[in-house]
>>> print(open('upload.pdb').read())   # PDB, C-alpha atoms
ATOM      1  CA  MET A  25     104.068 219.599-258.802
ATOM      2  CA  ALA A  26     100.725 221.357-259.182
ATOM      3  CA  ALA A  27      99.252 218.304-260.869
ATOM      4  CA  LEU A  28     100.546 216.076-258.064
ATOM      5  CA  ARG A  29      99.054 218.378-255.386
ATOM      6  CA  ALA A  30      95.724 218.352-257.207
ATOM      7  CA  ALA A  31      95.751 214.564-257.271
ATOM      8  CA  VAL A  32      96.289 214.164-253.531
ATOM      9  CA  PRO A  33      92.707 215.083-252.472
ATOM     10  CA  VAL A  34      91.351 212.766-255.153
ATOM     11  CA  LEU A  35      93.470 209.894-253.847
ATOM     12  CA  ALA A  36      92.297 210.639-250.318
ATOM     13  CA  LEU A  37      88.688 210.523-251.442
ATOM     14  CA  LEU A  38      89.272 207.218-253.199
ATOM     15  CA  ALA A  39      90.733 205.801-250.008
ATOM     16  CA  LEU A  40      87.594 206.821-248.128
ATOM     17  CA  CYS A  41      85.314 205.232-250.722
ATOM     18  CA  PRO A  42      85.963 201.501-250.928
ATOM     19  CA  GLY A  43      85.247 199.760-254.181
ATOM     20  CA  PRO A  44      82.835 196.874-254.597
ATOM     21  CA  ALA A  45      83.297 193.985-252.177
ATOM     22  CA  ALA A  46      85.298 191.053-253.460
ATOM     23  CA  ALA A  47      83.110 188.316-254.822
ATOM     24  CA  ALA A  48      82.718 185.240-252.643
ATOM     25  CA  ALA A  49      84.717 182.216-253.709
ATOM     26  CA  PRO A  50      82.714 179.662-255.720
ATOM     27  CA  LEU A  51      81.241 176.734-253.806
ATOM     28  CA  VAL A  52      81.242 173.056-254.779
ATOM     29  CA  ILE A  53      78.851 170.729-252.928
ATOM     30  CA  TRP A  54      78.646 166.913-252.978
ATOM     31  CA  HIS A  55      75.633 164.997-251.700
ATOM     32  CA  GLY A  56      75.475 161.873-249.580
ATOM     33  CA  MET A  57      74.297 158.286-249.972
ATOM     34  CA  GLY A  58      70.970 157.875-251.780
ATOM     35  CA  ASP A  59      70.737 161.563-252.655
ATOM     36  CA  SER A  60      71.318 163.533-255.849
ATOM     37  CA  CYS A  61      72.746 166.828-256.976
ATOM     38  CA  CYS A  62      69.432 168.527-257.463
ATOM     39  CA  ASN A  63      66.905 167.081-255.042
ATOM     40  CA  PRO A  64      64.730 170.114-254.181
ATOM     41  CA  VAL A  65      64.513 169.166-250.494
ATOM     42  CA  SER A  66      68.247 168.549-250.024
ATOM     43  CA  MET A  67      71.042 169.727-252.347
ATOM     44  CA  GLY A  68      68.721 171.864-254.444
ATOM     45  CA  TYR A  69      67.533 173.529-251.242
ATOM     46  CA  ILE A  70      71.105 174.083-250.009
ATOM     47  CA  LYS A  71      72.166 175.547-253.354
ATOM     48  CA  LYS A  72      69.278 178.028-253.349
ATOM     49  CA  LEU A  73      69.879 178.903-249.698
ATOM     50  CA  VAL A  74      73.541 179.747-250.298
ATOM     51  CA  GLU A  75      72.701 181.728-253.442
ATOM     52  CA  LYS A  76      70.111 183.697-251.486
ATOM     53  CA  ARG A  77      72.471 184.415-248.580
ATOM     54  CA  ILE A  78      75.480 185.254-250.801
ATOM     55  CA  PRO A  79      74.173 187.025-253.920
ATOM     56  CA  GLY A  80      76.246 186.405-257.015
ATOM     57  CA  ILE A  81      78.031 183.298-255.724
ATOM     58  CA  TYR A  82      78.624 180.422-258.142
ATOM     59  CA  VAL A  83      77.471 177.100-256.671
ATOM     60  CA  LEU A  84      78.210 173.786-258.384
ATOM     61  CA  SER A  85      76.245 170.814-257.047
ATOM     62  CA  LEU A  86      78.109 167.737-258.252
ATOM     63  CA  LYS A  87      76.270 165.208-260.386
ATOM     64  CA  ILE A  88      77.845 161.823-261.104
ATOM     65  CA  GLY A  89      76.102 160.509-264.185
ATOM     66  CA  SER A  90      73.950 161.956-266.951
ATOM     67  CA  ASN A  91      70.785 162.383-264.885
ATOM     68  CA  MET A  92      69.498 162.452-261.315
ATOM     69  CA  MET A  93      68.621 158.748-261.259
ATOM     70  CA  GLN A  94      72.139 157.762-262.291
ATOM     71  CA  ASP A  95      73.506 160.170-259.690
ATOM     72  CA  VAL A  96      71.512 158.378-256.966
ATOM     73  CA  GLU A  97      72.536 154.922-258.199
ATOM     74  CA  ASN A  98      76.199 155.901-258.409
ATOM     75  CA  SER A  99      76.127 156.934-254.756
ATOM     76  CA  PHE A 100      75.683 153.222-254.017
ATOM     77  CA  PHE A 101      77.402 151.367-256.819
ATOM     78  CA  MET A 102      80.096 153.430-258.606
ATOM     79  CA  ASN A 103      83.688 152.893-257.485
ATOM     80  CA  VAL A 104      84.594 155.872-255.294
ATOM     81  CA  ASN A 105      88.020 156.290-256.872
ATOM     82  CA  ALA A 106      86.324 156.578-260.278
ATOM     83  CA  GLN A 107      83.876 159.113-258.821
ATOM     84  CA  VAL A 108      86.719 161.204-257.449
ATOM     85  CA  ARG A 109      88.501 161.124-260.829
ATOM     86  CA  GLU A 110      85.274 162.239-262.526
ATOM     87  CA  VAL A 111      84.872 165.127-260.080
ATOM     88  CA  CYS A 112      88.498 166.196-260.464
ATOM     89  CA  SER A 113      87.915 166.356-264.221
ATOM     90  CA  GLN A 114      84.740 168.407-263.767
ATOM     91  CA  LEU A 115      86.507 170.884-261.499
ATOM     92  CA  ALA A 116      89.573 171.204-263.729
ATOM     93  CA  THR A 117      87.445 172.152-266.739
ATOM     94  CA  ASP A 118      85.017 174.522-264.993
ATOM     95  CA  PRO A 119      86.132 178.102-265.782
ATOM     96  CA  HIS A 120      84.385 179.473-262.682
ATOM     97  CA  LEU A 121      86.656 177.514-260.320
ATOM     98  CA  GLN A 122      90.134 178.188-261.619
ATOM     99  CA  GLY A 123      90.956 180.824-258.995
ATOM    100  CA  GLY A 124      90.005 178.475-256.165
ATOM    101  CA  TYR A 125      86.812 177.297-254.522
ATOM    102  CA  ASN A 126      85.272 176.256-251.225
ATOM    103  CA  ALA A 127      83.925 172.722-250.878
ATOM    104  CA  MET A 128      81.068 171.427-248.745
ATOM    105  CA  GLY A 129      80.294 167.715-248.544
ATOM    106  CA  PHE A 130      77.312 166.064-246.910
ATOM    107  CA  SER A 131      77.726 162.654-245.256
ATOM    108  CA  GLN A 132      79.867 160.464-247.552
ATOM    109  CA  GLY A 133      80.300 163.487-249.832
ATOM    110  CA  GLY A 134      82.446 165.018-247.082
ATOM    111  CA  GLN A 135      85.074 162.298-247.201
ATOM    112  CA  PHE A 136      84.905 162.131-251.003
ATOM    113  CA  LEU A 137      85.677 165.846-251.230
ATOM    114  CA  ARG A 138      88.602 165.316-248.843
ATOM    115  CA  ALA A 139      89.937 162.811-251.370
ATOM    116  CA  VAL A 140      89.571 165.505-254.028
ATOM    117  CA  ALA A 141      91.571 167.912-251.855
ATOM    118  CA  GLN A 142      94.326 165.329-251.359
ATOM    119  CA  ARG A 143      94.504 164.057-254.928
ATOM    120  CA  CYS A 144      93.610 167.052-257.122
ATOM    121  CA  PRO A 145      95.161 170.355-255.969
ATOM    122  CA  VAL A 146      94.303 172.169-259.219
ATOM    123  CA  PRO A 147      92.126 174.148-259.049
ATOM    124  CA  PRO A 148      92.859 174.823-255.364
ATOM    125  CA  MET A 149      90.332 173.973-252.662
ATOM    126  CA  LEU A 150      90.317 176.837-250.137
ATOM    127  CA  ASN A 151      88.126 175.582-247.292
ATOM    128  CA  LEU A 152      86.622 172.119-246.818
ATOM    129  CA  ILE A 153      83.393 171.828-244.849
ATOM    130  CA  SER A 154      82.395 168.272-243.992
ATOM    131  CA  ILE A 155      78.823 168.014-242.724
ATOM    132  CA  GLY A 156      78.431 164.569-241.165
ATOM    133  CA  GLY A 157      81.297 163.069-243.208
ATOM    134  CA  GLN A 158      82.678 159.758-241.904
ATOM    135  CA  HIS A 159      86.425 160.395-242.083
ATOM    136  CA  GLN A 160      87.449 157.236-240.261
ATOM    137  CA  GLY A 161      84.769 155.231-242.011
ATOM    138  CA  VAL A 162      81.835 153.339-240.515
ATOM    139  CA  TYR A 163      81.301 150.007-238.821
ATOM    140  CA  GLY A 164      77.577 149.684-239.281
ATOM    141  CA  PHE A 165      74.523 151.306-240.853
ATOM    142  CA  PRO A 166      71.998 151.591-238.001
ATOM    143  CA  ARG A 167      69.532 153.436-240.215
ATOM    144  CA  CYS A 168      69.238 154.434-243.843
ATOM    145  CA  PRO A 169      68.020 157.490-245.729
ATOM    146  CA  GLY A 170      64.422 157.701-246.886
ATOM    147  CA  GLU A 171      63.342 155.312-249.616
ATOM    148  CA  SER A 172      66.718 153.548-249.653
ATOM    149  CA  SER A 173      66.040 151.443-246.544
ATOM    150  CA  HIS A 174      65.533 148.189-248.500
ATOM    151  CA  LEU A 175      68.830 148.785-250.284
ATOM    152  CA  CYS A 176      70.593 149.284-246.993
ATOM    153  CA  ASP A 177      69.297 146.000-245.630
ATOM    154  CA  TRP A 178      70.980 144.342-248.602
ATOM    155  CA  ILE A 179      74.137 146.444-248.106
ATOM    156  CA  ARG A 180      74.383 145.384-244.451
ATOM    157  CA  LYS A 181      74.177 141.701-245.395
ATOM    158  CA  THR A 182      76.741 142.141-248.166
ATOM    159  CA  LEU A 183      79.180 143.936-245.882
ATOM    160  CA  ASP A 184      78.788 141.303-243.182
ATOM    161  CA  LEU A 185      79.536 138.551-245.699
ATOM    162  CA  GLY A 186      82.586 140.066-247.343
ATOM    163  CA  ALA A 187      83.281 143.793-247.165
ATOM    164  CA  TYR A 188      86.930 143.361-248.138
ATOM    165  CA  THR A 189      86.537 140.993-251.075
ATOM    166  CA  LYS A 190      87.663 142.481-254.391
ATOM    167  CA  ALA A 191      84.227 142.287-256.029
ATOM    168  CA  VAL A 192      82.466 144.057-253.164
ATOM    169  CA  GLN A 193      85.177 146.709-252.831
ATOM    170  CA  GLU A 194      85.044 147.486-256.541
ATOM    171  CA  HIS A 195      81.274 147.788-256.817
ATOM    172  CA  LEU A 196      79.775 148.855-253.473
ATOM    173  CA  VAL A 197      80.503 152.403-252.372
ATOM    174  CA  GLN A 198      79.817 151.823-248.675
ATOM    175  CA  ALA A 199      82.307 148.926-248.588
ATOM    176  CA  GLU A 200      85.010 151.342-249.667
ATOM    177  CA  TYR A 201      84.769 153.206-246.366
ATOM    178  CA  TRP A 202      83.825 150.177-244.234
ATOM    179  CA  HIS A 203      86.288 150.139-241.329
ATOM    180  CA  ASP A 204      86.174 146.996-239.220
ATOM    181  CA  PRO A 205      88.076 147.607-235.936
ATOM    182  CA  LEU A 206      88.114 143.829-235.362
ATOM    183  CA  LYS A 207      89.841 143.204-238.700
ATOM    184  CA  GLU A 208      92.285 146.094-238.971
ATOM    185  CA  GLU A 209      94.779 144.145-241.066
ATOM    186  CA  ASP A 210      92.108 143.129-243.594
ATOM    187  CA  TYR A 211      90.945 146.736-243.727
ATOM    188  CA  ARG A 212      94.426 148.173-244.293
ATOM    189  CA  LYS A 213      95.258 145.594-246.931
ATOM    190  CA  ASN A 214      92.014 145.497-248.897
ATOM    191  CA  SER A 215      90.184 148.831-248.517
ATOM    192  CA  ILE A 216      90.624 150.451-251.923
ATOM    193  CA  PHE A 217      89.524 153.953-250.901
ATOM    194  CA  LEU A 218      89.504 154.903-247.222
ATOM    195  CA  ALA A 219      92.707 153.086-246.263
ATOM    196  CA  ASP A 220      94.423 154.936-249.105
ATOM    197  CA  ILE A 221      93.288 158.468-248.321
ATOM    198  CA  ASN A 222      93.913 157.886-244.594
ATOM    199  CA  GLN A 223      97.505 156.799-245.265
ATOM    200  CA  GLU A 224      97.015 153.349-243.732
ATOM    201  CA  ARG A 225      99.460 151.590-246.056
ATOM    202  CA  GLY A 226     102.232 154.170-246.190
ATOM    203  CA  ILE A 227     102.766 157.907-246.478
ATOM    204  CA  ASN A 228     101.913 159.727-249.672
ATOM    205  CA  GLU A 229     103.581 163.074-249.047
ATOM    206  CA  THR A 230     101.532 164.682-251.812
ATOM    207  CA  TYR A 231      98.295 163.800-250.000
ATOM    208  CA  LYS A 232      99.668 165.375-246.838
ATOM    209  CA  LYS A 233     100.932 168.513-248.563
ATOM    210  CA  ASN A 234      97.682 169.044-250.461
ATOM    211  CA  LEU A 235      95.455 168.635-247.397
ATOM    212  CA  MET A 236      97.622 170.976-245.350
ATOM    213  CA  ALA A 237      97.161 173.653-248.027
ATOM    214  CA  LEU A 238      93.538 174.128-246.883
ATOM    215  CA  LYS A 239      92.821 177.333-245.012
ATOM    216  CA  LYS A 240      90.235 175.573-242.834
ATOM    217  CA  PHE A 241      89.003 172.000-242.535
ATOM    218  CA  VAL A 242      85.613 172.193-240.813
ATOM    219  CA  MET A 243      84.070 168.988-239.445
ATOM    220  CA  VAL A 244      80.427 168.952-238.327
ATOM    221  CA  LYS A 245      79.228 166.167-236.037
ATOM    222  CA  PHE A 246      75.543 165.530-235.403
ATOM    223  CA  LEU A 247      75.192 165.046-231.654
ATOM    224  CA  ASN A 248      72.124 162.781-231.938
ATOM    225  CA  ASP A 249      73.228 160.843-235.014
ATOM    226  CA  THR A 250      71.494 157.475-235.488
ATOM    227  CA  MET A 251      72.822 156.764-238.981
ATOM    228  CA  VAL A 252      76.615 156.878-238.642
ATOM    229  CA  ASP A 253      78.363 154.227-236.549
ATOM    230  CA  PRO A 254      80.342 155.498-234.747
ATOM    231  CA  PRO A 255      79.273 159.180-234.863
ATOM    232  CA  ILE A 256      82.739 160.299-233.673
ATOM    233  CA  SER A 257      84.003 159.393-237.155
ATOM    234  CA  GLU A 258      82.479 162.726-238.185
ATOM    235  CA  TRP A 259      85.222 164.385-236.064
ATOM    236  CA  PHE A 260      87.848 161.950-237.385
ATOM    237  CA  GLY A 261      87.722 159.743-234.278
ATOM    238  CA  PHE A 262      86.940 156.027-234.253
ATOM    239  CA  TYR A 263      86.761 152.844-232.220
ATOM    240  CA  LYS A 264      89.871 151.876-230.334
ATOM    241  CA  SER A 265      91.449 149.105-232.374
ATOM    242  CA  GLY A 266      90.472 145.520-231.558
ATOM    243  CA  GLN A 267      86.960 146.187-230.215
ATOM    244  CA  ALA A 268      83.786 148.017-231.173
ATOM    245  CA  LYS A 269      82.609 149.699-227.970
ATOM    246  CA  GLU A 270      85.137 152.288-226.789
ATOM    247  CA  THR A 271      85.813 155.233-229.101
ATOM    248  CA  ILE A 272      88.750 157.644-229.094
ATOM    249  CA  PRO A 273      88.996 161.190-230.466
ATOM    250  CA  LEU A 274      91.198 162.135-233.391
ATOM    251  CA  GLN A 275      93.963 163.372-231.091
ATOM    252  CA  GLU A 276      94.409 159.872-229.609
ATOM    253  CA  THR A 277      94.585 158.050-232.936
ATOM    254  CA  SER A 278      97.837 156.892-234.522
ATOM    255  CA  LEU A 279      96.868 158.879-237.630
ATOM    256  CA  TYR A 280      97.151 162.059-235.558
ATOM    257  CA  LYS A 281     100.060 161.071-233.327
ATOM    258  CA  GLU A 282     102.173 160.012-236.308
ATOM    259  CA  ASP A 283     100.786 162.990-238.260
ATOM    260  CA  ARG A 284     100.395 160.912-241.396
ATOM    261  CA  LEU A 285      98.014 163.438-242.974
ATOM    262  CA  GLY A 286      99.304 166.618-241.361
ATOM    263  CA  LEU A 287      96.214 166.883-239.150
ATOM    264  CA  GLN A 288      98.307 167.455-236.036
ATOM    265  CA  GLN A 289     100.088 170.379-237.659
ATOM    266  CA  MET A 290      96.804 171.729-238.989
ATOM    267  CA  ASP A 291      95.245 171.420-235.524
ATOM    268  CA  LYS A 292      98.076 173.340-233.892
ATOM    269  CA  ALA A 293      97.815 176.016-236.579
ATOM    270  CA  GLY A 294      94.088 176.465-235.897
ATOM    271  CA  LYS A 295      93.070 175.053-239.270
ATOM    272  CA  LEU A 296      90.835 172.292-237.881
ATOM    273  CA  VAL A 297      87.365 173.350-236.752
ATOM    274  CA  PHE A 298      85.127 170.902-234.850
ATOM    275  CA  LEU A 299      81.449 171.880-234.778
ATOM    276  CA  GLY A 300      78.657 170.018-233.015
ATOM    277  CA  VAL A 301      74.985 170.448-233.829
ATOM    278  CA  GLN A 302      71.967 169.022-232.049
ATOM    279  CA  GLY A 303      69.943 166.689-234.200
ATOM    280  CA  ASP A 304      70.043 163.458-236.160
ATOM    281  CA  HIS A 305      72.126 162.905-239.280
ATOM    282  CA  LEU A 306      71.975 165.931-241.619
ATOM    283  CA  HIS A 307      69.207 167.536-239.557
ATOM    284  CA  PHE A 308      69.923 171.222-238.997
ATOM    285  CA  SER A 309      68.132 174.559-239.131
ATOM    286  CA  GLU A 310      68.679 177.506-241.455
ATOM    287  CA  GLU A 311      69.578 179.568-238.403
ATOM    288  CA  TRP A 312      72.380 177.163-237.477
ATOM    289  CA  PHE A 313      73.596 177.066-241.080
ATOM    290  CA  ASP A 314      73.622 180.867-241.280
ATOM    291  CA  SER A 315      75.540 181.351-238.034
ATOM    292  CA  SER A 316      77.905 178.386-238.163
ATOM    293  CA  ILE A 317      78.610 177.601-241.833
ATOM    294  CA  LEU A 318      78.081 180.776-243.870
ATOM    295  CA  PRO A 319      81.075 182.585-242.278
ATOM    296  CA  PHE A 320      83.392 180.039-243.926
ATOM    297  CA  LEU A 321      81.866 180.774-247.338
ATOM    298  CA  GLN A 322      81.937 184.578-247.327
TER     299      GLN A 322
END
>>> encode(input="upload.pdb", output="structure tokens")
Amino acid sequence: MAALRAAVPVLALLALCPGPAAAAAPLVIWHGMGDSCCNPVSMGYIKKLVEKRIPGIYVLSLKIGSNMMQDVENSFFMNVNAQVREVCSQLATDPHLQGGYNAMGFSQGGQFLRAVAQRCPVPPMLNLISIGGQHQGVYGFPRCPGESSHLCDWIRKTLDLGAYTKAVQEHLVQAEYWHDPLKEEDYRKNSIFLADINQERGINETYKKNLMALKKFVMVKFLNDTMVDPPISEWFGFYKSGQAKETIPLQETSLYKEDRLGLQQMDKAGKLVFLGVQGDHLHFSEEWFDSSILPFLQ
């Protein structure tokens, strides 16, 4: 009894003195079209910024290929399904991630990481942050990133000629999330990536279950976007079927109404977060990043 009484004050003191704060979950980031894992003015900058704001965090910036040049090329020409398989393998063998991780994708990297969430639940993705990701696809490339503008002129012509042909689908990344509202049947039948992860050809209950396991699915839309057509795709909206002028929000789409991905249930549970930021595609300030994105990573 005496020993127990002596221990009580010690236990009380321990209760008043919290231990070290739990380490932040690791972060996986995936770049967009024409970018690379380690570009010092894009993903390299983001990686350093997060590491500075959250000391001790492990940040993996995904690289598809053996070097930065291959990583850039693969963002245009490597089958997206093969890219997702490669990433799933990287994540499964990374010892830092086995307890779970947060994911943050930029532009097309946002939708690719959603495919990872739906297809590869081990290790578990905790929160998904999509920054300018085109979750209903695109129907146009009004503008292209940096030095890739000549490539995008060629991509536009190729997509106009035959986005849903087997050869183009297999070898042009942007064709794999090309969504033509005037040719919905062709899209559903022949899109080898986006139509699959958006449950356009049937319901894969595993996709739905895995996506619904996220704690939060954060979607950032750039309010002055001149690169994504239509910009509302960044909030999972799209053109009303059969025309290319009027857009509808996620909540008015059949994907939501039929709840093919569980987004309706996630929305009602407060798991979907829609953020808007002033600026063109992927243009944001450190102050906005600190106040709007960091809370989901800490």
>>> residues_around(input="upload.pdb", residues="Thr250 (chain A)", least_positions_apart="3", cutoff="10 Å", atoms="all atoms listed in the file", output="list in words")
Phe165, Pro166, Arg167, Cys168, Phe246, Leu247, Asp253, Pro254, Pro255, Gly303, Asp304 and His305 of chain A
>>> atom_distance(input="upload.pdb", atom1="CA of Val65 (chain A)", atom2="CA of Phe298 (chain A)")
25.9 Å
>>> resolve_selection(input="upload.pdb", expression="the PyMOL selection byres ((chain A and resi 59) around 9)", output="PyMOL selection string")
chain A and resi 55-58+60-63+66-67+92+95-97+99+169
>>> write_last_selection(input="upload.pdb", atoms="C-alpha atoms", output="PDB file, keeping the file's coordinate frame")
ATOM      1  CA  HIS A  55      75.633 164.997-251.700  1.00  0.00           C
ATOM      2  CA  GLY A  56      75.475 161.873-249.580  1.00  0.00           C
ATOM      3  CA  MET A  57      74.297 158.286-249.972  1.00  0.00           C
ATOM      4  CA  GLY A  58      70.970 157.875-251.780  1.00  0.00           C
ATOM      5  CA  SER A  60      71.318 163.533-255.849  1.00  0.00           C
ATOM      6  CA  CYS A  61      72.746 166.828-256.976  1.00  0.00           C
ATOM      7  CA  CYS A  62      69.432 168.527-257.463  1.00  0.00           C
ATOM      8  CA  ASN A  63      66.905 167.081-255.042  1.00  0.00           C
ATOM      9  CA  SER A  66      68.247 168.549-250.024  1.00  0.00           C
ATOM     10  CA  MET A  67      71.042 169.727-252.347  1.00  0.00           C
ATOM     11  CA  MET A  92      69.498 162.452-261.315  1.00  0.00           C
ATOM     12  CA  ASP A  95      73.506 160.170-259.690  1.00  0.00           C
ATOM     13  CA  VAL A  96      71.512 158.378-256.966  1.00  0.00           C
ATOM     14  CA  GLU A  97      72.536 154.922-258.199  1.00  0.00           C
ATOM     15  CA  SER A  99      76.127 156.934-254.756  1.00  0.00           C
ATOM     16  CA  PRO A 169      68.020 157.490-245.729  1.00  0.00           C
TER      17      PRO A 169
END
>>> closest_atom_pairs(input="upload.pdb", of="region 186-264 of chain A", to="region 115-129 of chain A", cutoff="10 Å", atoms="only C-alpha atoms", output="Markdown table")
| residue | atom | partner | partner_atom | distance |
| --- | --- | --- | --- | --- |
| A:Leu238 | CA | A:Asn126 | CA | 9.6 |
| A:Lys239 | CA | A:Asn126 | CA | 9.8 |
| A:Lys240 | CA | A:Asn126 | CA | 9.8 |
| A:Phe241 | CA | A:Ala127 | CA | 9.8 |
| A:Val242 | CA | A:Met128 | CA | 9.2 |
| A:Met243 | CA | A:Gly129 | CA | 9.9 |
>>> resolve_selection(input="upload.pdb", expression="the PyMOL selection byres ((chain A and resi 203) around 9)", output="ChimeraX atom specification")
/A:160-164,199-202,204-208,211-212,215,218-219
>>> closest_residue(input="upload.pdb", among="A:Gln275, A:Thr182, A:Glu282, A:Ala141", to="Leu235 (chain A)", atoms="only C-alpha atoms")
A:Ala141
>>> resolve_selection(input="upload.pdb", expression="the PyMOL selection byres ((chain A and resi 73-75) around 12)", output="count of residues only")
37
>>> residues_around(input="upload.pdb", residues="Lys213 (chain A)", least_positions_apart="4", cutoff="10 Å", atoms="only C-alpha atoms", output="number ranges by chain")
A: 188, 208-209, 219-220, 224-225
>>> residues_around(input="upload.pdb", residues="Ser131 (chain A)", least_positions_apart="3", cutoff="7 Å", atoms="all atoms listed in the file", output="PyMOL selection string")
chain A and resi 56+134+155-158
>>> closest_residue(input="upload.pdb", among="A:His159, A:Met290, A:Leu299, A:Phe101", to="Gln193 (chain A)", atoms="all atoms listed in the file")
A:Phe101
>>> axis_aligned_box(input="upload.pdb", around="region 95-103 of chain A", padding_each_side="8 Å", output="JSON")
{"center_x": 77.6, "center_y": 155.8, "center_z": -256.9, "size_x": 28.2, "size_y": 24.8, "size_z": 21.7}
>>> atom_distance(input="upload.pdb", atom1="CA of Lys269 (chain A)", atom2="CA of Ile256 (chain A)")
12.0 Å
>>> atom_distance(input="upload.pdb", atom1="CA of Cys176 (chain A)", atom2="CA of Lys245 (chain A)")
21.9 Å
>>> closest_residue(input="upload.pdb", among="A:Ser315, A:Gln142, A:Phe260, A:Thr230", to="Gln288 (chain A)", atoms="all atoms listed in the file")
A:Phe260
>>> build_atoms(input="upload.pdb", residues="region 306-320 of chain A", atoms="N, CA, C and O atoms", output="PDB file, keeping the file's coordinate frame")
ATOM      1  N   LEU A 306      72.315 164.906-240.629  1.00  0.00           N
ATOM      2  CA  LEU A 306      71.975 165.931-241.619  1.00  0.00           C
ATOM      3  C   LEU A 306      70.723 166.724-241.272  1.00  0.00           C
ATOM      4  O   LEU A 306      70.122 167.362-242.151  1.00  0.00           O
ATOM      5  N   HIS A 307      70.337 166.722-239.995  1.00  0.00           N
ATOM      6  CA  HIS A 307      69.207 167.536-239.557  1.00  0.00           C
ATOM      7  C   HIS A 307      69.734 168.817-238.906  1.00  0.00           C
ATOM      8  O   HIS A 307      70.353 168.777-237.848  1.00  0.00           O
ATOM      9  N   PHE A 308      69.492 169.941-239.558  1.00  0.00           N
ATOM     10  CA  PHE A 308      69.923 171.222-238.997  1.00  0.00           C
ATOM     11  C   PHE A 308      68.996 172.325-239.492  1.00  0.00           C
ATOM     12  O   PHE A 308      68.279 172.160-240.488  1.00  0.00           O
ATOM     13  N   SER A 309      69.018 173.446-238.793  1.00  0.00           N
ATOM     14  CA  SER A 309      68.132 174.559-239.131  1.00  0.00           C
ATOM     15  C   SER A 309      68.864 175.582-239.997  1.00  0.00           C
ATOM     16  O   SER A 309      70.094 175.633-240.037  1.00  0.00           O
ATOM     17  N   GLU A 310      68.085 176.400-240.691  1.00  0.00           N
ATOM     18  CA  GLU A 310      68.679 177.506-241.455  1.00  0.00           C
ATOM     19  C   GLU A 310      69.437 178.441-240.541  1.00  0.00           C
ATOM     20  O   GLU A 310      70.490 178.970-240.916  1.00  0.00           O
ATOM     21  N   GLU A 311      68.914 178.646-239.342  1.00  0.00           N
ATOM     22  CA  GLU A 311      69.578 179.568-238.403  1.00  0.00           C
ATOM     23  C   GLU A 311      70.969 179.045-238.040  1.00  0.00           C
ATOM     24  O   GLU A 311      71.938 179.807-238.009  1.00  0.00           O
ATOM     25  N   TRP A 312      71.069 177.742-237.781  1.00  0.00           N
ATOM     26  CA  TRP A 312      72.380 177.163-237.477  1.00  0.00           C
ATOM     27  C   TRP A 312      73.307 177.279-238.681  1.00  0.00           C
ATOM     28  O   TRP A 312      74.476 177.653-238.546  1.00  0.00           O
ATOM     29  N   PHE A 313      72.793 176.983-239.858  1.00  0.00           N
ATOM     30  CA  PHE A 313      73.596 177.066-241.080  1.00  0.00           C
ATOM     31  C   PHE A 313      74.119 178.489-241.283  1.00  0.00           C
ATOM     32  O   PHE A 313      75.298 178.696-241.581  1.00  0.00           O
ATOM     33  N   ASP A 314      73.227 179.462-241.092  1.00  0.00           N
ATOM     34  CA  ASP A 314      73.622 180.867-241.280  1.00  0.00           C
ATOM     35  C   ASP A 314      74.728 181.280-240.312  1.00  0.00           C
ATOM     36  O   ASP A 314      75.693 181.949-240.691  1.00  0.00           O
ATOM     37  N   SER A 315      74.583 180.885-239.045  1.00  0.00           N
ATOM     38  CA  SER A 315      75.540 181.351-238.034  1.00  0.00           C
ATOM     39  C   SER A 315      76.830 180.541-238.005  1.00  0.00           C
ATOM     40  O   SER A 315      77.890 181.077-237.706  1.00  0.00           O
ATOM     41  N   SER A 316      76.747 179.254-238.338  1.00  0.00           N
ATOM     42  CA  SER A 316      77.905 178.386-238.163  1.00  0.00           C
ATOM     43  C   SER A 316      78.670 178.074-239.440  1.00  0.00           C
ATOM     44  O   SER A 316      79.881 177.863-239.412  1.00  0.00           O
ATOM     45  N   ILE A 317      77.975 178.024-240.587  1.00  0.00           N
ATOM     46  CA  ILE A 317      78.610 177.601-241.833  1.00  0.00           C
ATOM     47  C   ILE A 317      78.863 178.772-242.787  1.00  0.00           C
ATOM     48  O   ILE A 317      79.945 178.865-243.387  1.00  0.00           O
ATOM     49  N   LEU A 318      77.918 179.680-242.928  1.00  0.00           N
ATOM     50  CA  LEU A 318      78.081 180.776-243.870  1.00  0.00           C
ATOM     51  C   LEU A 318      79.373 181.576-243.681  1.00  0.00           C
ATOM     52  O   LEU A 318      79.984 181.996-244.677  1.00  0.00           O
ATOM     53  N   PRO A 319      79.827 181.817-242.430  1.00  0.00           N
ATOM     54  CA  PRO A 319      81.075 182.585-242.278  1.00  0.00           C
ATOM     55  C   PRO A 319      82.271 181.989-243.011  1.00  0.00           C
ATOM     56  O   PRO A 319      83.193 182.720-243.401  1.00  0.00           O
ATOM     57  N   PHE A 320      82.275 180.675-243.216  1.00  0.00           N
ATOM     58  CA  PHE A 320      83.392 180.039-243.926  1.00  0.00           C
ATOM     59  C   PHE A 320      83.266 180.185-245.439  1.00  0.00           C
ATOM     60  O   PHE A 320      84.203 179.866-246.175  1.00  0.00           O
TER      61      PHE A 320
END
